[in-house]
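What follows is a single structure, written as structure tokens, with notes after it.
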Amino acid sequence: MSKRAIITGITGQDGSYLAELLLSKGYEVVGTVRRASAPNFWRVQHLLDRITIKPADLLDQLSIIRLVDEVRPHELYNLAAMSFVPASWDQPMLTGEFNAQGVTRVLEAIRHVDPSIRMYQASSSEMFGKVRQVPQNEDTPFYPRSPYGVSKVFAHYITVNYRESYDLFAVSGMLFNHESPRRGLEFVTRKVTDGVARIKAGVSDTLSLGNLDAHRDWGFAGDYVKAMWMMLQRDRAEDYVIATGISKSVRDLVEVAFGHAGLEWRRHVKLDPKLIRPAEVEHLIGDATKARMHLGWAPSVDFAGLVKMMVDADVRRVSEAPQSADRLSTL
């Protein structure tokens, strides 16, 4: 009998890769979406005949309870969130409702409907913020530097609390930045690779960026969703840092992306102070030793390979349909 899994946020980058992984393992996959006038299914379009989509909303406790009761999954992956860090300063209350209280609602649904359901919660490296040690591991104290990071700390600890209070199999993956050609265009990696593609095609001539000196530990999203699944296959529920252990700057990202396209980045990149965050996270780098030891997990795509993969995908997209290059909201 095949396992059933619910993925909240299935239409996002991680949700689409996770759905592919679970389907390859014979799972019955149910994804949730919020009611919207313009559905955004482009990341899972190729999977729609193999997955089930059901409406649910992290702001609505009853919809989550109904979903869990109807599907009765073996595993639930909570990936839905307000995930764009800069926007969390503009909408801090809504960010908290989704990312903090939304997780509590999911945990409550599992506790009341079926406590045997195993739950994965998407934690974030942004919780470390103004880092207390380098690199960061599972024991590093949190010091979030954005409403997003603060909301994720609440979600992380409420997951721990329900695990310890109610003996739920609930785990958090503290995933460092993970990217792919399916990343939203508002994120800096995709903004850079899309900008390179547009400049290469003659659609644009400049790319505006903020802090080129911020460092991140960037990996491939397809690798990271494997770690999510691995965490729920363990005999014991534990939290894990998932990272490459290699930190690169935004400047490094720009140099690789433009260089791969045969462009000189200094001719096209413009610095815009308005794009600098109110409180910056300067240097994130993860120590995934525990994940390597317990899960046998390791990344398969390095930084340069990831950036080149994203540039190639965006160059193809823009060259095939240059007139659609400005439709940022749909990609």
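The chains in the structure tokens are called A, B, ... from first to last as shown; in each chain the residues are counted from 1, and the ligands are counted from 1 in the order shown.
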Write out as JSON lines the residues of region 19-49 of chain A that have any atom within 12 Å of an atom of region 182-203 of chain A, one row each with the nearest atom pair and its distance in Å to one decimal, counting only C-alpha atoms, sorted by chain and then rising number.
```
{"residue": "A:Asn40", "atom": "CA", "partner": "A:Gly184", "partner_atom": "CA", "distance": 11.7}
{"residue": "A:Phe41", "atom": "CA", "partner": "A:Arg182", "partner_atom": "CA", "distance": 11.6}
{"residue": "A:Trp42", "atom": "CA", "partner": "A:Arg182", "partner_atom": "CA", "distance": 9.2}
{"residue": "A:Arg43", "atom": "CA", "partner": "A:Arg182", "partner_atom": "CA", "distance": 6.7}
{"residue": "A:Val44", "atom": "CA", "partner": "A:Arg182", "partner_atom": "CA", "distance": 10.2}
```
Contacts of region 185-247 of chain A with region 54-75 of chain A up to 10 Å, shortest pair per row, only C-alpha atoms, as JSON lines:
```
{"residue": "A:Trp229", "atom": "CA", "partner": "A:Glu75", "partner_atom": "CA", "distance": 9.3}
{"residue": "A:Leu232", "atom": "CA", "partner": "A:Glu75", "partner_atom": "CA", "distance": 7.6}
{"residue": "A:Gln233", "atom": "CA", "partner": "A:Glu75", "partner_atom": "CA", "distance": 9.8}
```
Those residues with N, CA, C and O atoms, as a PDB file, in the first residue's frame please?
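Final output, selection_33.pdb:
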```
ATOM      1  N   TRP A 229      12.712  14.484   3.016  1.00  0.00           N
ATOM      2  CA  TRP A 229      12.154  13.139   3.037  1.00  0.00           C
ATOM      3  C   TRP A 229      12.939  12.236   3.977  1.00  0.00           C
ATOM      4  O   TRP A 229      12.370  11.472   4.752  1.00  0.00           O
ATOM      5  N   LEU A 232      12.036  12.339   7.699  1.00  0.00           N
ATOM      6  CA  LEU A 232      10.804  11.673   8.119  1.00  0.00           C
ATOM      7  C   LEU A 232      10.902  10.153   8.049  1.00  0.00           C
ATOM      8  O   LEU A 232       9.965   9.457   8.456  1.00  0.00           O
ATOM      9  N   GLN A 233      12.003   9.626   7.553  1.00  0.00           N
ATOM     10  CA  GLN A 233      12.176   8.169   7.503  1.00  0.00           C
ATOM     11  C   GLN A 233      12.975   7.653   8.702  1.00  0.00           C
ATOM     12  O   GLN A 233      13.134   6.442   8.862  1.00  0.00           O
TER      13      GLN A 233
END
```
Selected residue, from A:Ile7, A:Val318, A:Met119, A:Val103, that lies nearest to Tyr157 (chain A) when counting only C-alpha atoms: A:Val103
Test item: residues at most 12 Å from Thr289 (chain A), only C-alpha atoms, excluding those fewer than 6 positions along its chain, as a PyMOL selection string: chain A and resi 135-138+240-245+295-298
Helix (DSSP H, G or I) positions in region 89-313 of chain A, given as a VMD selection string: chain A and resid 89 to 90 92 to 113 125 to 127 147 to 166 188 to 200 221 to 232 250 to 260 265 to 267 273 to 275 289 to 294 303 to 313
Test item: residues at most 12 Å from Gly102 (chain A), only C-alpha atoms, excluding those fewer than 5 positions along its chain, as number ranges by chain: A: 8, 56-64, 78-82, 94-97, 107-109, 121, 151-152, 154-156, 158-159
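With only C-alpha atoms as the atoms that count, the residue of A:Leu207, A:Ile53, A:Ala221, A:Val160 with the shortest distance to Asn177 (chain A) is A:Ala221.
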Residue nearest Met93 (chain A) - candidates A:Val150, A:Ala122, A:Val301, A:Ile117, atoms counted: only C-alpha atoms: A:Val150
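Taking CA of Val250 (chain A) as the reference point, CA of Leu212 (chain A) is found at 4.7 Å.
Minimum distance to Ala304 (chain A) across A:Gly259, A:Gly31, A:Pro273, A:Gly286 (counting only C-alpha atoms) occurs at A:Gly259.
For region 53-209 of chain A, the set of residues given strand (DSSP E or B) by DSSP on the backbone reads Ile53, Lys54, Pro55, Glu75, Leu76, Tyr77, Asn78, Arg118, Met119, Tyr120, Gln121, Ala122, Ser123, Ser124, Gln136, Ala170, Val171, Ser172, Gly173, Met174, Leu175, His178, Glu179, Leu207, Ser208 and Leu209 of chain A.
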Contacts of Asp302 (chain A) at 10 Å (only C-alpha atoms; same-chain gap of 2+ positions) as a ChimeraX atom specification: /A:218-220,244,246,299-300,304-307
Prev. selection, all heavy atoms, output as an mmCIF file, in the first residue's frame:
```cif
data_model
loop_
_atom_site.group_PDB
_atom_site.id
_atom_site.type_symbol
_atom_site.label_atom_id
_atom_site.label_comp_id
_atom_site.auth_asym_id
_atom_site.auth_seq_id
_atom_site.Cartn_x
_atom_site.Cartn_y
_atom_site.Cartn_z
ATOM 1 N N TRP A 218 24.729 28.679 -0.691
ATOM 2 C CA TRP A 218 23.735 28.362 -1.711
ATOM 3 C C TRP A 218 23.856 26.916 -2.195
ATOM 4 O O TRP A 218 24.956 26.466 -2.553
ATOM 5 C CB TRP A 218 23.897 29.286 -2.918
ATOM 6 C CG TRP A 218 23.237 30.621 -2.781
ATOM 7 C CD1 TRP A 218 21.918 30.880 -2.578
ATOM 8 C CD2 TRP A 218 23.875 31.911 -2.880
ATOM 9 N NE1 TRP A 218 21.673 32.237 -2.539
ATOM 10 C CE2 TRP A 218 22.869 32.896 -2.716
ATOM 11 C CE3 TRP A 218 25.188 32.325 -3.104
ATOM 12 C CZ2 TRP A 218 23.129 34.246 -2.759
ATOM 13 C CZ3 TRP A 218 25.462 33.678 -3.139
ATOM 14 C CH2 TRP A 218 24.438 34.628 -2.974
ATOM 15 N N GLY A 219 22.725 26.205 -2.245
ATOM 16 C CA GLY A 219 22.694 24.861 -2.786
ATOM 17 C C GLY A 219 21.529 24.688 -3.750
ATOM 18 O O GLY A 219 20.754 25.624 -3.986
ATOM 19 N N PHE A 220 21.394 23.483 -4.277
ATOM 20 C CA PHE A 220 20.359 23.170 -5.265
ATOM 21 C C PHE A 220 19.120 22.612 -4.572
ATOM 22 O O PHE A 220 19.203 21.654 -3.800
ATOM 23 C CB PHE A 220 20.898 22.162 -6.277
ATOM 24 C CG PHE A 220 19.885 21.630 -7.248
ATOM 25 C CD1 PHE A 220 19.054 22.490 -7.966
ATOM 26 C CD2 PHE A 220 19.749 20.261 -7.456
ATOM 27 C CE1 PHE A 220 18.116 22.004 -8.860
ATOM 28 C CE2 PHE A 220 18.819 19.762 -8.356
ATOM 29 C CZ PHE A 220 17.993 20.636 -9.051
ATOM 30 N N THR A 244 25.553 23.395 2.232
ATOM 31 C CA THR A 244 26.723 22.899 1.502
ATOM 32 C C THR A 244 28.007 23.071 2.302
ATOM 33 O O THR A 244 28.993 22.390 2.045
ATOM 34 C CB THR A 244 26.903 23.634 0.158
ATOM 35 O OG1 THR A 244 27.298 25.001 0.415
ATOM 36 C CG2 THR A 244 25.619 23.613 -0.658
ATOM 37 N N ILE A 246 29.719 25.806 2.158
ATOM 38 C CA ILE A 246 30.535 26.730 1.371
ATOM 39 C C ILE A 246 29.770 28.043 1.204
ATOM 40 O O ILE A 246 28.622 28.038 0.771
ATOM 41 C CB ILE A 246 30.876 26.144 -0.009
ATOM 42 C CG1 ILE A 246 31.664 24.841 0.138
ATOM 43 C CG2 ILE A 246 31.654 27.151 -0.851
ATOM 44 C CD1 ILE A 246 31.881 24.101 -1.159
ATOM 45 N N PRO A 299 25.140 17.273 -0.735
ATOM 46 C CA PRO A 299 24.725 17.946 -1.967
ATOM 47 C C PRO A 299 25.416 17.350 -3.181
ATOM 48 O O PRO A 299 26.560 16.898 -3.099
ATOM 49 C CB PRO A 299 25.158 19.397 -1.737
ATOM 50 C CG PRO A 299 26.286 19.306 -0.760
ATOM 51 C CD PRO A 299 25.966 18.144 0.127
ATOM 52 N N SER A 300 24.708 17.354 -4.313
ATOM 53 C CA SER A 300 25.289 16.810 -5.549
ATOM 54 C C SER A 300 25.643 17.898 -6.558
ATOM 55 O O SER A 300 26.360 17.637 -7.525
ATOM 56 C CB SER A 300 24.317 15.824 -6.196
ATOM 57 O OG SER A 300 23.145 16.485 -6.658
ATOM 58 N N ALA A 304 28.935 26.720 -8.643
ATOM 59 C CA ALA A 304 29.088 27.106 -10.050
ATOM 60 C C ALA A 304 28.111 26.336 -10.929
ATOM 61 O O ALA A 304 27.501 26.899 -11.846
ATOM 62 C CB ALA A 304 30.525 26.868 -10.515
ATOM 63 N N GLY A 305 27.950 25.047 -10.656
ATOM 64 C CA GLY A 305 27.021 24.243 -11.442
ATOM 65 C C GLY A 305 25.589 24.721 -11.296
ATOM 66 O O GLY A 305 24.822 24.733 -12.267
ATOM 67 N N LEU A 306 25.231 25.131 -10.083
ATOM 68 C CA LEU A 306 23.884 25.649 -9.824
ATOM 69 C C LEU A 306 23.628 26.939 -10.599
ATOM 70 O O LEU A 306 22.607 27.087 -11.272
ATOM 71 C CB LEU A 306 23.714 25.901 -8.328
ATOM 72 C CG LEU A 306 22.460 26.649 -7.889
ATOM 73 C CD1 LEU A 306 21.207 25.850 -8.201
ATOM 74 C CD2 LEU A 306 22.535 26.974 -6.394
ATOM 75 N N VAL A 307 24.569 27.885 -10.518
ATOM 76 C CA VAL A 307 24.396 29.174 -11.195
ATOM 77 C C VAL A 307 24.324 28.979 -12.709
ATOM 78 O O VAL A 307 23.467 29.573 -13.385
ATOM 79 C CB VAL A 307 25.529 30.142 -10.818
ATOM 80 C CG1 VAL A 307 25.391 31.448 -11.601
ATOM 81 C CG2 VAL A 307 25.516 30.424 -9.322
#
```
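Minimum atom-to-atom distances from A:Lys25, A:Arg145, A:Arg234, A:Lys290 to Gly129 (chain A) were compared using only C-alpha atoms, and the lowest value belongs to A:Arg145.
You can rank A:Asp239, A:Asp272, A:Glu264, A:Asp312 by their closest distance to Asn211 (chain A) using only C-alpha atoms, and at the top of that list sits A:Asp272.
For Ser83 (chain A), the set of protein, DNA and RNA residues having any atom at most 9 Å away, when counting only C-alpha atoms and skipping those fewer than 4 positions along the same chain, is Ala87, Ser88, Thr95, Asn99 and Tyr148 of chain A.
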